[in-house]
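work.csv (CSV, C-alpha atoms) appears below.
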chain,number,residue,atom,x,y,z
A,150,MET,CA,95.6,-97.2,-24.5
A,151,ASP,CA,98.6,-96.4,-26.7
A,152,ASP,CA,102.1,-95.9,-25.5
A,153,GLU,CA,103.3,-92.3,-26.0
A,154,ASN,CA,104.6,-92.2,-22.4
A,155,ASN,CA,107.0,-95.1,-23.3
A,156,CYS,CA,108.6,-93.1,-26.1
A,157,LYS,CA,111.9,-91.3,-25.8
A,158,TYR,CA,110.9,-88.0,-27.4
A,159,VAL,CA,108.5,-85.5,-26.0
A,160,SER,CA,104.9,-85.4,-27.2
A,161,SER,CA,101.7,-83.8,-26.0
A,162,ARG,CA,100.1,-87.2,-25.3
A,163,GLY,CA,103.3,-88.6,-23.8
A,164,ILE,CA,103.3,-85.8,-21.2
A,165,LEU,CA,99.5,-86.3,-20.7
A,166,LYS,CA,99.9,-90.0,-20.0
A,167,ALA,CA,102.8,-89.5,-17.7
A,168,CYS,CA,100.8,-87.2,-15.4
A,169,ASP,CA,99.0,-88.5,-12.3
A,170,ILE,CA,95.5,-87.3,-13.4
A,171,HIS,CA,94.5,-87.2,-17.0
A,172,SER,CA,91.7,-88.1,-19.4
A,173,ILE,CA,91.5,-91.8,-20.1
A,174,GLU,CA,90.4,-91.1,-23.7
A,175,PRO,CA,91.8,-87.7,-24.5
A,176,ILE,CA,90.4,-85.5,-27.3
A,177,SER,CA,92.4,-82.6,-28.7
A,178,ASP,CA,91.0,-79.1,-28.3
A,179,ILE,CA,88.1,-80.4,-26.2
A,180,ARG,CA,86.2,-77.7,-24.2
A,181,HIS,CA,85.0,-79.8,-21.3
A,182,LEU,CA,86.4,-82.5,-19.0
A,183,HIS,CA,86.1,-86.0,-20.4
A,184,ASP,CA,86.9,-89.3,-18.6
A,185,TYR,CA,88.6,-88.0,-15.5
A,186,ASP,CA,88.6,-89.3,-11.9
A,187,PHE,CA,89.3,-86.3,-9.7
A,188,THR,CA,88.6,-88.4,-6.6
A,189,LYS,CA,92.2,-89.6,-7.0
A,190,VAL,CA,93.7,-86.1,-6.6
A,191,ILE,CA,96.0,-85.8,-3.5
A,192,ASP,CA,98.6,-83.2,-2.5
A,193,ASN,CA,101.3,-82.9,-5.3
A,194,SER,CA,99.2,-84.6,-7.9
A,195,VAL,CA,100.1,-83.6,-11.5
A,196,ILE,CA,96.9,-82.9,-13.3
A,197,TYR,CA,96.8,-82.6,-17.2
A,198,ILE,CA,93.9,-80.6,-18.7
A,199,ALA,CA,93.5,-79.7,-22.4
A,200,THR,CA,94.2,-76.0,-22.5
A,201,SER,CA,90.8,-75.4,-24.3
A,202,ALA,CA,89.1,-77.0,-21.3
A,203,ILE,CA,90.6,-74.7,-18.6
A,204,PRO,CA,87.5,-72.3,-18.5
A,205,PHE,CA,85.3,-75.4,-17.9
A,206,PHE,CA,87.7,-76.7,-15.2
A,207,ILE,CA,87.7,-73.3,-13.4
A,208,MET,CA,83.9,-73.0,-13.5
A,209,GLN,CA,83.0,-76.6,-12.6
A,210,LEU,CA,85.8,-78.2,-10.6
A,211,PHE,CA,88.6,-75.9,-9.4
A,212,GLU,CA,86.9,-74.8,-6.2
A,213,ASN,CA,86.1,-78.4,-5.3
A,214,ILE,CA,89.7,-79.4,-5.3
A,215,LYS,CA,91.1,-79.1,-1.8
A,216,HIS,CA,94.7,-80.3,-2.5
A,217,LYS,CA,97.7,-78.4,-3.9
A,218,PHE,CA,98.6,-79.7,-7.4
A,219,ILE,CA,100.8,-79.1,-10.4
A,220,LEU,CA,98.8,-78.2,-13.5
A,221,VAL,CA,99.9,-79.2,-17.0
A,222,THR,CA,98.0,-78.0,-20.1
A,223,GLY,CA,98.3,-78.7,-23.8
A,224,ASP,CA,96.8,-81.0,-26.5
A,225,SER,CA,95.3,-77.8,-27.9
A,226,ASP,CA,96.2,-74.9,-30.1
A,227,SER,CA,94.8,-72.3,-27.7
A,228,THR,CA,97.2,-69.6,-26.6
A,229,VAL,CA,97.9,-69.2,-22.9
A,230,PRO,CA,96.6,-67.0,-21.4
A,231,TYR,CA,94.7,-64.9,-23.9
A,232,ASN,CA,92.6,-67.5,-25.6
A,233,ILE,CA,91.6,-68.9,-22.1
A,234,PHE,CA,90.9,-66.0,-19.8
A,235,PRO,CA,88.6,-63.0,-20.4
A,236,SER,CA,91.1,-60.6,-18.7
A,237,ASN,CA,94.6,-60.5,-17.3
A,238,GLU,CA,93.1,-60.1,-13.9
A,239,GLU,CA,91.3,-63.4,-14.2
A,240,PHE,CA,94.5,-65.1,-15.2
A,241,ILE,CA,96.4,-63.6,-12.3
A,242,LYS,CA,93.7,-64.7,-9.9
A,243,PHE,CA,93.9,-68.2,-11.1
A,244,ILE,CA,97.7,-68.6,-11.4
A,245,GLU,CA,98.3,-67.1,-7.9
A,246,SER,CA,95.9,-69.5,-6.2
A,247,ASP,CA,97.7,-71.3,-3.3
A,248,LYS,CA,96.4,-74.6,-4.7
A,249,ILE,CA,98.5,-74.3,-7.9
A,250,LEU,CA,102.1,-75.2,-7.1
A,251,HIS,CA,103.1,-74.5,-10.7
A,252,TRP,CA,101.6,-74.5,-14.2
A,253,PHE,CA,103.4,-76.0,-17.2
A,254,ALA,CA,101.7,-74.8,-20.5
A,255,GLN,CA,102.1,-75.3,-24.2
A,256,ASN,CA,101.7,-72.3,-26.5
A,257,CYS,CA,102.3,-70.0,-23.5
A,258,ILE,CA,103.2,-66.4,-24.3
A,259,VAL,CA,103.2,-64.9,-20.8
A,260,THR,CA,106.0,-64.6,-18.2
A,261,HIS,CA,105.1,-65.5,-14.6
A,262,SER,CA,107.1,-67.1,-11.8
A,263,LYS,CA,104.6,-69.9,-11.5
A,264,ILE,CA,104.3,-70.8,-15.2
A,265,THR,CA,106.8,-72.6,-17.4
A,266,GLN,CA,106.5,-73.2,-21.2
A,267,ILE,CA,106.6,-76.8,-22.5
A,268,PRO,CA,106.9,-78.0,-26.1
A,269,ILE,CA,104.2,-79.3,-28.3
A,270,GLY,CA,106.7,-82.0,-29.2
A,271,LEU,CA,105.9,-84.8,-31.7
A,272,ASP,CA,102.5,-86.0,-32.9
A,273,TYR,CA,102.4,-89.7,-32.3
A,274,HIS,CA,98.7,-89.9,-31.5
A,275,THR,CA,97.2,-89.1,-34.9
A,276,MET,CA,98.5,-92.2,-36.6
A,277,SER,CA,98.2,-94.4,-33.6
A,278,LYS,CA,94.4,-94.1,-33.7
A,279,GLN,CA,93.6,-94.6,-37.4
A,280,ASN,CA,94.9,-94.4,-40.9
A,281,HIS,CA,95.7,-90.9,-42.0
A,282,THR,CA,97.1,-89.1,-45.0
A,283,TRP,CA,100.4,-89.2,-43.1
A,284,GLY,CA,100.3,-93.0,-43.3
A,285,ILE,CA,98.6,-96.2,-42.1
A,286,LYS,CA,97.7,-96.7,-38.4
A,287,THR,CA,100.9,-97.4,-36.5
A,288,SER,CA,101.7,-97.5,-32.8
A,289,SER,CA,103.6,-94.6,-31.2
A,290,THR,CA,106.6,-96.7,-30.5
A,291,ASN,CA,106.8,-97.9,-34.1
A,292,GLN,CA,106.5,-94.3,-35.4
A,293,GLU,CA,109.4,-93.4,-33.1
A,294,HIS,CA,111.4,-96.4,-34.3
A,295,PHE,CA,111.1,-95.2,-37.9
A,296,LEU,CA,112.1,-91.6,-36.8
A,297,LYS,CA,115.2,-92.9,-34.9
A,298,ASN,CA,116.2,-95.2,-37.8
A,299,ILE,CA,116.1,-92.3,-40.3
A,300,LYS,CA,118.2,-90.1,-37.9
A,301,LEU,CA,120.7,-93.0,-37.3
A,302,HIS,CA,121.3,-93.3,-41.1
A,303,SER,CA,121.5,-89.6,-41.8
A,304,LYS,CA,124.6,-87.3,-41.8
A,305,PRO,CA,125.1,-84.6,-39.2
A,306,PHE,CA,123.5,-81.3,-40.3
A,307,TYR,CA,126.9,-79.8,-41.2
A,308,GLU,CA,127.4,-82.5,-43.8
A,309,ARG,CA,124.0,-82.2,-45.5
A,310,LYS,CA,122.7,-79.9,-48.2
A,311,ILE,CA,123.0,-76.3,-46.9
A,312,LYS,CA,119.5,-75.5,-48.0
A,313,CYS,CA,116.0,-75.4,-46.5
A,314,TYR,CA,113.4,-78.2,-46.7
A,315,SER,CA,109.7,-77.3,-46.8
A,316,ASN,CA,106.4,-79.1,-46.6
A,317,PHE,CA,104.5,-76.5,-44.7
A,318,HIS,CA,103.2,-74.8,-47.9
A,319,PHE,CA,100.3,-77.3,-48.3
A,320,PHE,CA,98.4,-75.8,-45.4
A,321,THR,CA,98.2,-72.0,-45.3
A,322,THR,CA,94.7,-71.5,-43.9
A,323,THR,CA,95.6,-72.5,-40.3
A,324,LYS,CA,95.2,-70.1,-37.4
A,325,PHE,CA,98.6,-68.7,-38.0
A,326,GLY,CA,98.5,-69.2,-41.8
A,327,TYR,CA,99.6,-65.7,-42.4
A,328,ASP,CA,103.1,-66.7,-41.2
A,329,ARG,CA,103.2,-69.5,-43.7
A,330,LYS,CA,102.1,-67.2,-46.5
A,331,ASN,CA,104.7,-64.6,-45.5
A,332,ALA,CA,107.4,-67.3,-45.6
A,333,ILE,CA,106.4,-68.3,-49.1
A,334,GLU,CA,106.4,-64.7,-50.3
A,335,LYS,CA,109.7,-63.6,-48.7
A,336,ILE,CA,112.1,-66.6,-48.7
A,337,PRO,CA,114.2,-66.6,-51.8
A,338,ASN,CA,113.5,-69.7,-54.0
A,339,GLU,CA,117.2,-70.5,-54.4
A,340,VAL,CA,117.6,-71.4,-50.7
A,341,ILE,CA,114.5,-73.6,-50.2
A,342,TYR,CA,113.2,-76.9,-51.6
A,343,TYR,CA,109.5,-77.2,-51.6
A,344,GLU,CA,108.1,-80.8,-51.5
A,345,PRO,CA,106.2,-80.9,-54.8
A,346,THR,CA,103.3,-83.1,-53.7
A,347,LYS,CA,101.8,-84.3,-50.4
A,348,ILE,CA,103.6,-87.5,-49.4
A,349,GLN,CA,103.4,-89.8,-46.4
A,350,ARG,CA,105.2,-88.5,-43.3
A,351,ILE,CA,107.9,-91.2,-43.2
A,352,TYR,CA,109.0,-89.9,-46.7
A,353,THR,CA,109.0,-86.3,-45.6
A,354,TRP,CA,111.2,-87.4,-42.7
A,355,LYS,CA,113.5,-89.2,-45.0
A,356,ASN,CA,113.7,-86.2,-47.4
A,357,GLN,CA,114.2,-83.5,-44.8
A,358,SER,CA,117.0,-85.6,-43.2
A,359,GLU,CA,119.1,-84.8,-46.3
A,360,TYR,CA,118.9,-81.0,-45.6
A,361,ALA,CA,120.5,-78.9,-42.9
A,362,PHE,CA,117.5,-76.7,-42.4
A,363,VAL,CA,113.7,-77.1,-42.1
A,364,VAL,CA,111.5,-74.0,-42.4
A,365,SER,CA,108.9,-74.2,-39.7
A,366,PRO,CA,106.4,-71.3,-39.6
A,367,HIS,CA,103.8,-71.3,-36.8
A,368,GLY,CA,101.2,-74.1,-36.9
A,369,ASN,CA,97.6,-74.2,-35.8
A,370,GLY,CA,99.2,-72.8,-32.6
A,371,LEU,CA,102.4,-70.8,-32.1
A,372,ASP,CA,104.4,-74.0,-31.6
A,373,CYS,CA,104.5,-76.6,-34.3
A,374,HIS,CA,105.2,-80.4,-34.4
A,375,ARG,CA,107.4,-79.7,-37.5
A,376,THR,CA,109.9,-77.9,-35.3
A,377,TRP,CA,110.4,-80.8,-32.9
A,378,GLU,CA,110.4,-83.4,-35.7
A,379,ALA,CA,113.2,-81.4,-37.4
A,380,LEU,CA,115.2,-81.3,-34.2
A,381,CYS,CA,114.8,-85.1,-33.6
A,382,LEU,CA,115.9,-85.7,-37.2
A,383,GLY,CA,119.1,-83.7,-36.7
A,384,CYS,CA,117.9,-80.7,-38.7
A,385,ILE,CA,118.0,-77.0,-37.8
A,386,PRO,CA,114.5,-75.7,-37.7
A,387,ILE,CA,114.0,-72.1,-38.8
A,388,VAL,CA,111.3,-70.2,-37.0
A,389,LYS,CA,110.0,-66.7,-36.8
A,390,THR,CA,110.6,-64.9,-33.5
A,391,SER,CA,107.7,-65.2,-31.0
A,392,PRO,CA,107.1,-65.4,-27.3
A,393,LEU,CA,108.2,-69.0,-27.5
A,394,ASP,CA,111.8,-68.1,-28.3
A,395,ASN,CA,113.0,-69.1,-24.8
A,396,LEU,CA,111.6,-72.6,-25.3
A,397,TYR,CA,114.2,-73.2,-28.0
A,398,SER,CA,117.2,-72.0,-25.9
A,399,ASP,CA,120.1,-74.4,-25.9
A,400,LEU,CA,118.8,-76.1,-29.0
A,401,PRO,CA,120.0,-75.7,-32.7
A,402,VAL,CA,117.1,-73.4,-33.8
A,403,LEU,CA,117.6,-70.5,-36.1
A,404,ILE,CA,115.2,-67.7,-35.0
A,405,LEU,CA,114.5,-64.9,-37.5
A,406,ASP,CA,113.0,-61.4,-37.0
A,407,ASP,CA,111.6,-61.6,-40.5
A,408,TRP,CA,111.6,-64.2,-43.3
A,409,THR,CA,113.3,-61.7,-45.6
A,410,SER,CA,116.6,-62.1,-43.7
A,411,LEU,CA,116.9,-65.7,-44.9
A,412,ASN,CA,119.6,-66.0,-47.5
A,413,GLN,CA,122.5,-68.4,-48.4
A,414,GLU,CA,125.1,-66.4,-46.4
A,415,LEU,CA,123.0,-66.7,-43.3
A,416,LEU,CA,122.6,-70.5,-43.8
A,417,ASP,CA,126.3,-71.0,-44.4
A,418,ASN,CA,127.3,-68.9,-41.3
A,419,THR,CA,124.7,-70.7,-39.1
A,420,VAL,CA,126.0,-74.1,-40.1
A,421,ILE,CA,129.5,-73.0,-39.1
A,422,GLU,CA,128.3,-71.5,-35.8
A,423,PHE,CA,126.1,-74.4,-34.9
A,424,LYS,CA,128.7,-77.0,-35.9
A,425,ARG,CA,131.1,-75.5,-33.4
A,426,LYS,CA,128.4,-75.5,-30.7
A,427,ASP,CA,127.4,-79.1,-31.5
A,428,LEU,CA,131.0,-80.4,-31.4
A,429,ASP,CA,131.6,-78.5,-28.1
A,430,LEU,CA,128.5,-80.2,-26.7
A,431,LEU,CA,126.8,-76.8,-26.1
A,432,PHE,CA,123.3,-78.0,-27.2
A,433,ASN,CA,121.1,-79.6,-24.7
A,434,TYR,CA,119.4,-82.4,-26.7
A,435,GLU,CA,117.8,-83.8,-23.5
A,436,LYS,CA,115.2,-81.1,-24.0
A,437,LEU,CA,113.8,-83.3,-26.8
A,438,THR,CA,113.0,-86.1,-24.4
A,439,LEU,CA,109.9,-86.8,-22.4
A,440,GLN,CA,112.0,-87.7,-19.4
A,441,TYR,CA,113.5,-84.2,-19.3
A,442,TRP,CA,110.2,-82.5,-19.1
A,443,MET,CA,108.6,-84.9,-16.7
A,444,GLN,CA,111.6,-84.5,-14.3
A,445,LYS,CA,111.1,-80.7,-14.5
A,446,ILE,CA,107.3,-81.1,-13.9
A,447,ASN,CA,107.7,-83.4,-10.9
A,448,SER,CA,110.5,-81.3,-9.4
A,449,TYR,CA,107.7,-78.9,-8.2
A,450,LYS,CA,106.2,-81.4,-5.9
A,451,GLU,CA,106.5,-80.3,-2.3
Could you quickly redo this structure as structure tokens?
Amino acid sequence: MDDENNCKYVSSRGILKACDIHSIEPISDIRHLHDYDFTKVIDNSVIYIATSAIPFFIMQLFENIKHKFILVTGDSDSTVPYNIFPSNEEFIKFIESDKILHWFAQNCIVTHSKITQIPIGLDYHTMSKQNHTWGIKTSSTNQEHFLKNIKLHSKPFYERKIKCYSNFHFFTTTKFGYDRKNAIEKIPNEVIYYEPTKIQRIYTWKNQSEYAFVVSPHGNGLDCHRTWEALCLGCIPIVKTSPLDNLYSDLPVLILDDWTSLNQELLDNTVIEFKRKDLDLLFNYEKLTLQYWMQKINSYKE
């Protein structure tokens, strides 16, 4: 078993492995429950389920669980609740069950007192399992070591090129690919650098650490690993407004109503504003850590 839960920065698998009950061999976007031991569930257990497997969980197991628990969902690009429940009534019936103390969900676009958005975070698991176009098979802790080392040797964002870095343009057929196509069409060429060819991830990390900004349209889900990588590398990610906006509060994220509003004046003004906030310690970089989110999750134990 790899070691995402020993990493500093938040990731889907890091959260998964820090929960009390989770799949021993997790599979992203799986639609059934795989390698679980629900006999270990007790009051206040934190249970991690792939978002895509929630319908199966409700049909096959939910009624059999007699203890109150905290639900955590992610490791999937499914949107909560609309890709999961056939109707809002079914969602309300589920979330308001007395058994659910609280629900922490990735790619969540609904507001409810018993549900909290959590980030998709970094992707350590892809390269920890096998060689990939991103690079050779490498442990999660080694990947994070490379990331931290690049950040350590980079300048603060306000001393970098005041321009946008992009490597999102290689994949425009994703679930939310229209957002990427819109960004390419609408962002002025003079404010953005497009990586000319696909390169290994460590080199994209090095390259983007030279820029103040990283353009991060929606990924396969609304949230995107690129956004959290950029933050961990000291960049300012630029995202399109969405129901996830609150997830980025207290972080140096530039949120746009439309990609057409991106211009050099906005970049310059944002660097000035965010530099002041950064020096005044107004950003909460703890939100980038696994510990921050696990403390929040565990705080709902009765």
What are the nearest atom pairs, with distances in Å to one decimal, for all residues of region 376-424 of chain A that come at most 9 Å from region 253-265 of chain A, using only C-alpha atoms, set out by chain and rising residue number as CSV?
residue,atom,partner,partner_atom,distance
A:Ser391,CA,A:Ile258,CA,8.2
A:Pro392,CA,A:Ile258,CA,5.0
A:Leu393,CA,A:Ile258,CA,6.5
Just to confirm, what's the straight-line distance from CA of Lys215 (chain A) to CA of Lys189 (chain A) in Å (one decimal)?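 CA of Lys215 (chain A) sits 11.8 Å away from CA of Lys189 (chain A).
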Counting all atoms listed in the file, which residues in region 331-442 of chain A sit no more than 7 Å from region 153-160 of chain A? For each one, give the nearest pair of atoms and the distance in Å, sorted by chain then residue number, as CSV.
residue,atom,partner,partner_atom,distance
A:Leu437,CA,A:Tyr158,CA,5.6
A:Thr438,CA,A:Tyr158,CA,4.1
A:Leu439,CA,A:Val159,CA,4.1
Could you save those same residues with C-alpha atoms as a short mmCIF file (atom, residue, chain, number, x, y, z; two decimals), in the frame of the given file?
data_model
loop_
_atom_site.label_atom_id
_atom_site.label_comp_id
_atom_site.auth_asym_id
_atom_site.auth_seq_id
_atom_site.Cartn_x
_atom_site.Cartn_y
_atom_site.Cartn_z
CA LEU A 437 113.80 -83.30 -26.80
CA THR A 438 113.00 -86.10 -24.40
CA LEU A 439 109.90 -86.80 -22.40
#
List the spatial neighbours of Asp372 (chain A) as an NGL selection string - criterion: any atom at most 9 Å away, all atoms listed in the file, same-chain residues fewer than 3 positions off excluded. :A and (226 or 255-256 or 268-270 or 366-369 or 375-376 or 393)
Problem set entry | Pick from A:Asp417, A:Asp184, A:Glu344, A:Glu451 nearest to Ser172 (chain A), counting all atoms listed in the file |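 Of A:Asp417, A:Asp184, A:Glu344, A:Glu451, the one nearest Ser172 (chain A), counting all atoms listed in the file, is A:Asp184.
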Selection: 9 Å around region 336-338 of chain A, all atoms listed in the file, excl. self and same-chain fewer than 2 positions, as a ChimeraX atom specification: /A:331-334,340-343,408-412
Point-to-point distance from CA of Glu414 (chain A) to CA of Tyr327 (chain A), Å rounded to tenths
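Separation of CA of Glu414 (chain A) and CA of Tyr327 (chain A): 25.8 Å.
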Exercise. Could you name the residues that touch Leu301 (chain A) at 10 Å or less, counting all atoms listed in the file, but leaving out those on the same chain fewer than 4 positions away, as a ChimeraX atom specification?
Worked result: /A:295-297,305,382-383
| query | Distance CA of Lys248 (chain A)-CA of Ser194 (chain A), one decimal place? | reply |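 About the pair CA of Lys248 (chain A) and CA of Ser194 (chain A): they are 10.9 Å apart.
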### Query
List as a ChimeraX atom specification: which residues have an atom within 8 Å of (98.1, -76.7, -18.4), counting all atoms listed in the file?
/A:197-200,203,220-223,252-255
Among A:Asp192, A:Asp407, A:Glu293, A:Glu422, Ile249 (chain A) is approached most closely, using only C-alpha atoms, by A:Asp192
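Across A:Lys330, A:Lys304, A:Lys324, A:Lys389, the tightest approach to Ala361 (chain A) is made by A:Lys304 when counting only C-alpha atoms.
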File output, region 316-349 of chain A (N, CA and C atoms) as a PDB file, in the first residue's frame:
ATOM      1  N   ASN A 316      -0.758  24.159 -19.604  1.00  0.00           N
ATOM      2  CA  ASN A 316      -0.560  22.851 -20.235  1.00  0.00           C
ATOM      3  C   ASN A 316      -1.884  22.095 -20.302  1.00  0.00           C
ATOM      4  N   PHE A 317      -2.993  22.821 -20.109  1.00  0.00           N
ATOM      5  CA  PHE A 317      -4.321  22.193 -20.161  1.00  0.00           C
ATOM      6  C   PHE A 317      -4.776  21.926 -21.584  1.00  0.00           C
ATOM      7  N   HIS A 318      -4.158  22.590 -22.561  1.00  0.00           N
ATOM      8  CA  HIS A 318      -4.661  22.607 -23.928  1.00  0.00           C
ATOM      9  C   HIS A 318      -4.462  21.289 -24.671  1.00  0.00           C
ATOM     10  N   PHE A 319      -3.731  20.346 -24.071  1.00  0.00           N
ATOM     11  CA  PHE A 319      -3.527  19.055 -24.732  1.00  0.00           C
ATOM     12  C   PHE A 319      -4.748  18.146 -24.608  1.00  0.00           C
ATOM     13  N   PHE A 320      -5.636  18.471 -23.669  1.00  0.00           N
ATOM     14  CA  PHE A 320      -6.804  17.613 -23.424  1.00  0.00           C
ATOM     15  C   PHE A 320      -8.063  18.478 -23.392  1.00  0.00           C
ATOM     16  N   THR A 321      -8.796  18.490 -24.498  1.00  0.00           N
ATOM     17  CA  THR A 321     -10.001  19.326 -24.579  1.00  0.00           C
ATOM     18  C   THR A 321     -11.258  18.499 -24.821  1.00  0.00           C
ATOM     19  N   THR A 322     -11.164  17.190 -24.668  1.00  0.00           N
ATOM     20  CA  THR A 322     -12.334  16.327 -24.884  1.00  0.00           C
ATOM     21  C   THR A 322     -12.816  15.721 -23.570  1.00  0.00           C
ATOM     22  N   THR A 323     -12.419  16.320 -22.449  1.00  0.00           N
ATOM     23  CA  THR A 323     -12.855  15.846 -21.143  1.00  0.00           C
ATOM     24  C   THR A 323     -14.321  16.210 -20.919  1.00  0.00           C
ATOM     25  N   LYS A 324     -14.859  15.765 -19.798  1.00  0.00           N
ATOM     26  CA  LYS A 324     -16.261  16.029 -19.458  1.00  0.00           C
ATOM     27  C   LYS A 324     -16.588  17.514 -19.537  1.00  0.00           C
ATOM     28  N   PHE A 325     -15.668  18.348 -19.056  1.00  0.00           N
ATOM     29  CA  PHE A 325     -15.863  19.793 -19.099  1.00  0.00           C
ATOM     30  C   PHE A 325     -14.918  20.436 -20.110  1.00  0.00           C
ATOM     31  N   GLY A 326     -14.651  19.713 -21.194  1.00  0.00           N
ATOM     32  CA  GLY A 326     -13.727  20.195 -22.203  1.00  0.00           C
ATOM     33  C   GLY A 326     -14.128  21.513 -22.832  1.00  0.00           C
ATOM     34  N   TYR A 327     -15.424  21.809 -22.821  1.00  0.00           N
ATOM     35  CA  TYR A 327     -15.886  23.077 -23.396  1.00  0.00           C
ATOM     36  C   TYR A 327     -15.255  24.264 -22.678  1.00  0.00           C
ATOM     37  N   ASP A 328     -14.999  24.129 -21.368  1.00  0.00           N
ATOM     38  CA  ASP A 328     -14.380  25.224 -20.618  1.00  0.00           C
ATOM     39  C   ASP A 328     -12.950  25.444 -21.087  1.00  0.00           C
ATOM     40  N   ARG A 329     -12.268  24.373 -21.427  1.00  0.00           N
ATOM     41  CA  ARG A 329     -10.899  24.483 -21.925  1.00  0.00           C
ATOM     42  C   ARG A 329     -10.878  25.109 -23.321  1.00  0.00           C
ATOM     43  N   LYS A 330     -11.824  24.691 -24.154  1.00  0.00           N
ATOM     44  CA  LYS A 330     -11.907  25.272 -25.497  1.00  0.00           C
ATOM     45  C   LYS A 330     -12.231  26.759 -25.425  1.00  0.00           C
ATOM     46  N   ASN A 331     -13.130  27.127 -24.523  1.00  0.00           N
ATOM     47  CA  ASN A 331     -13.472  28.540 -24.347  1.00  0.00           C
ATOM     48  C   ASN A 331     -12.262  29.346 -23.898  1.00  0.00           C
ATOM     49  N   ALA A 332     -11.465  28.770 -23.002  1.00  0.00           N
ATOM     50  CA  ALA A 332     -10.275  29.466 -22.523  1.00  0.00           C
ATOM     51  C   ALA A 332      -9.300  29.716 -23.671  1.00  0.00           C
ATOM     52  N   ILE A 333      -9.082  28.703 -24.497  1.00  0.00           N
ATOM     53  CA  ILE A 333      -8.167  28.848 -25.633  1.00  0.00           C
ATOM     54  C   ILE A 333      -8.663  29.923 -26.591  1.00  0.00           C
ATOM     55  N   GLU A 334      -9.961  29.947 -26.830  1.00  0.00           N
ATOM     56  CA  GLU A 334     -10.543  30.902 -27.776  1.00  0.00           C
ATOM     57  C   GLU A 334     -10.528  32.333 -27.246  1.00  0.00           C
ATOM     58  N   LYS A 335     -10.688  32.495 -25.936  1.00  0.00           N
ATOM     59  CA  LYS A 335     -10.955  33.829 -25.386  1.00  0.00           C
ATOM     60  C   LYS A 335      -9.773  34.501 -24.701  1.00  0.00           C
ATOM     61  N   ILE A 336      -8.785  33.731 -24.245  1.00  0.00           N
ATOM     62  CA  ILE A 336      -7.655  34.345 -23.545  1.00  0.00           C
ATOM     63  C   ILE A 336      -6.686  34.938 -24.565  1.00  0.00           C
ATOM     64  N   PRO A 337      -6.341  36.218 -24.442  1.00  0.00           N
ATOM     65  CA  PRO A 337      -5.404  36.840 -25.391  1.00  0.00           C
ATOM     66  C   PRO A 337      -4.046  36.139 -25.373  1.00  0.00           C
ATOM     67  N   ASN A 338      -3.496  35.892 -26.534  1.00  0.00           N
ATOM     68  CA  ASN A 338      -2.237  35.149 -26.629  1.00  0.00           C
ATOM     69  C   ASN A 338      -1.083  35.837 -25.907  1.00  0.00           C
ATOM     70  N   GLU A 339      -1.140  37.172 -25.813  1.00  0.00           N
ATOM     71  CA  GLU A 339      -0.008  37.887 -25.231  1.00  0.00           C
ATOM     72  C   GLU A 339       0.118  37.707 -23.712  1.00  0.00           C
ATOM     73  N   VAL A 340      -0.903  37.149 -23.066  1.00  0.00           N
ATOM     74  CA  VAL A 340      -0.823  36.997 -21.610  1.00  0.00           C
ATOM     75  C   VAL A 340      -0.611  35.543 -21.185  1.00  0.00           C
ATOM     76  N   ILE A 341      -0.464  34.634 -22.147  1.00  0.00           N
ATOM     77  CA  ILE A 341      -0.390  33.215 -21.786  1.00  0.00           C
ATOM     78  C   ILE A 341       0.720  32.505 -22.553  1.00  0.00           C
ATOM     79  N   TYR A 342       1.421  31.617 -21.848  1.00  0.00           N
ATOM     80  CA  TYR A 342       2.420  30.757 -22.469  1.00  0.00           C
ATOM     81  C   TYR A 342       1.855  29.348 -22.532  1.00  0.00           C
ATOM     82  N   TYR A 343       1.746  28.806 -23.734  1.00  0.00           N
ATOM     83  CA  TYR A 343       1.287  27.434 -23.925  1.00  0.00           C
ATOM     84  C   TYR A 343       2.501  26.516 -24.064  1.00  0.00           C
ATOM     85  N   GLU A 344       2.576  25.523 -23.195  1.00  0.00           N
ATOM     86  CA  GLU A 344       3.642  24.526 -23.322  1.00  0.00           C
ATOM     87  C   GLU A 344       3.533  23.916 -24.724  1.00  0.00           C
ATOM     88  N   PRO A 345       4.609  23.959 -25.533  1.00  0.00           N
ATOM     89  CA  PRO A 345       4.480  23.546 -26.940  1.00  0.00           C
ATOM     90  C   PRO A 345       4.274  22.049 -27.150  1.00  0.00           C
ATOM     91  N   THR A 346       4.798  21.218 -26.254  1.00  0.00           N
ATOM     92  CA  THR A 346       4.649  19.768 -26.398  1.00  0.00           C
ATOM     93  C   THR A 346       4.352  19.152 -25.034  1.00  0.00           C
ATOM     94  N   LYS A 347       3.816  17.949 -25.045  1.00  0.00           N
ATOM     95  CA  LYS A 347       3.598  17.231 -23.787  1.00  0.00           C
ATOM     96  C   LYS A 347       4.954  16.840 -23.198  1.00  0.00           C
ATOM     97  N   ILE A 348       5.151  17.181 -21.944  1.00  0.00           N
ATOM     98  CA  ILE A 348       6.398  16.834 -21.269  1.00  0.00           C
ATOM     99  C   ILE A 348       6.066  16.190 -19.927  1.00  0.00           C
ATOM    100  N   GLN A 349       7.047  15.547 -19.317  1.00  0.00           N
ATOM    101  CA  GLN A 349       6.805  14.895 -18.041  1.00  0.00           C
ATOM    102  C   GLN A 349       6.402  15.913 -16.976  1.00  0.00           C
TER     103      GLN A 349
END
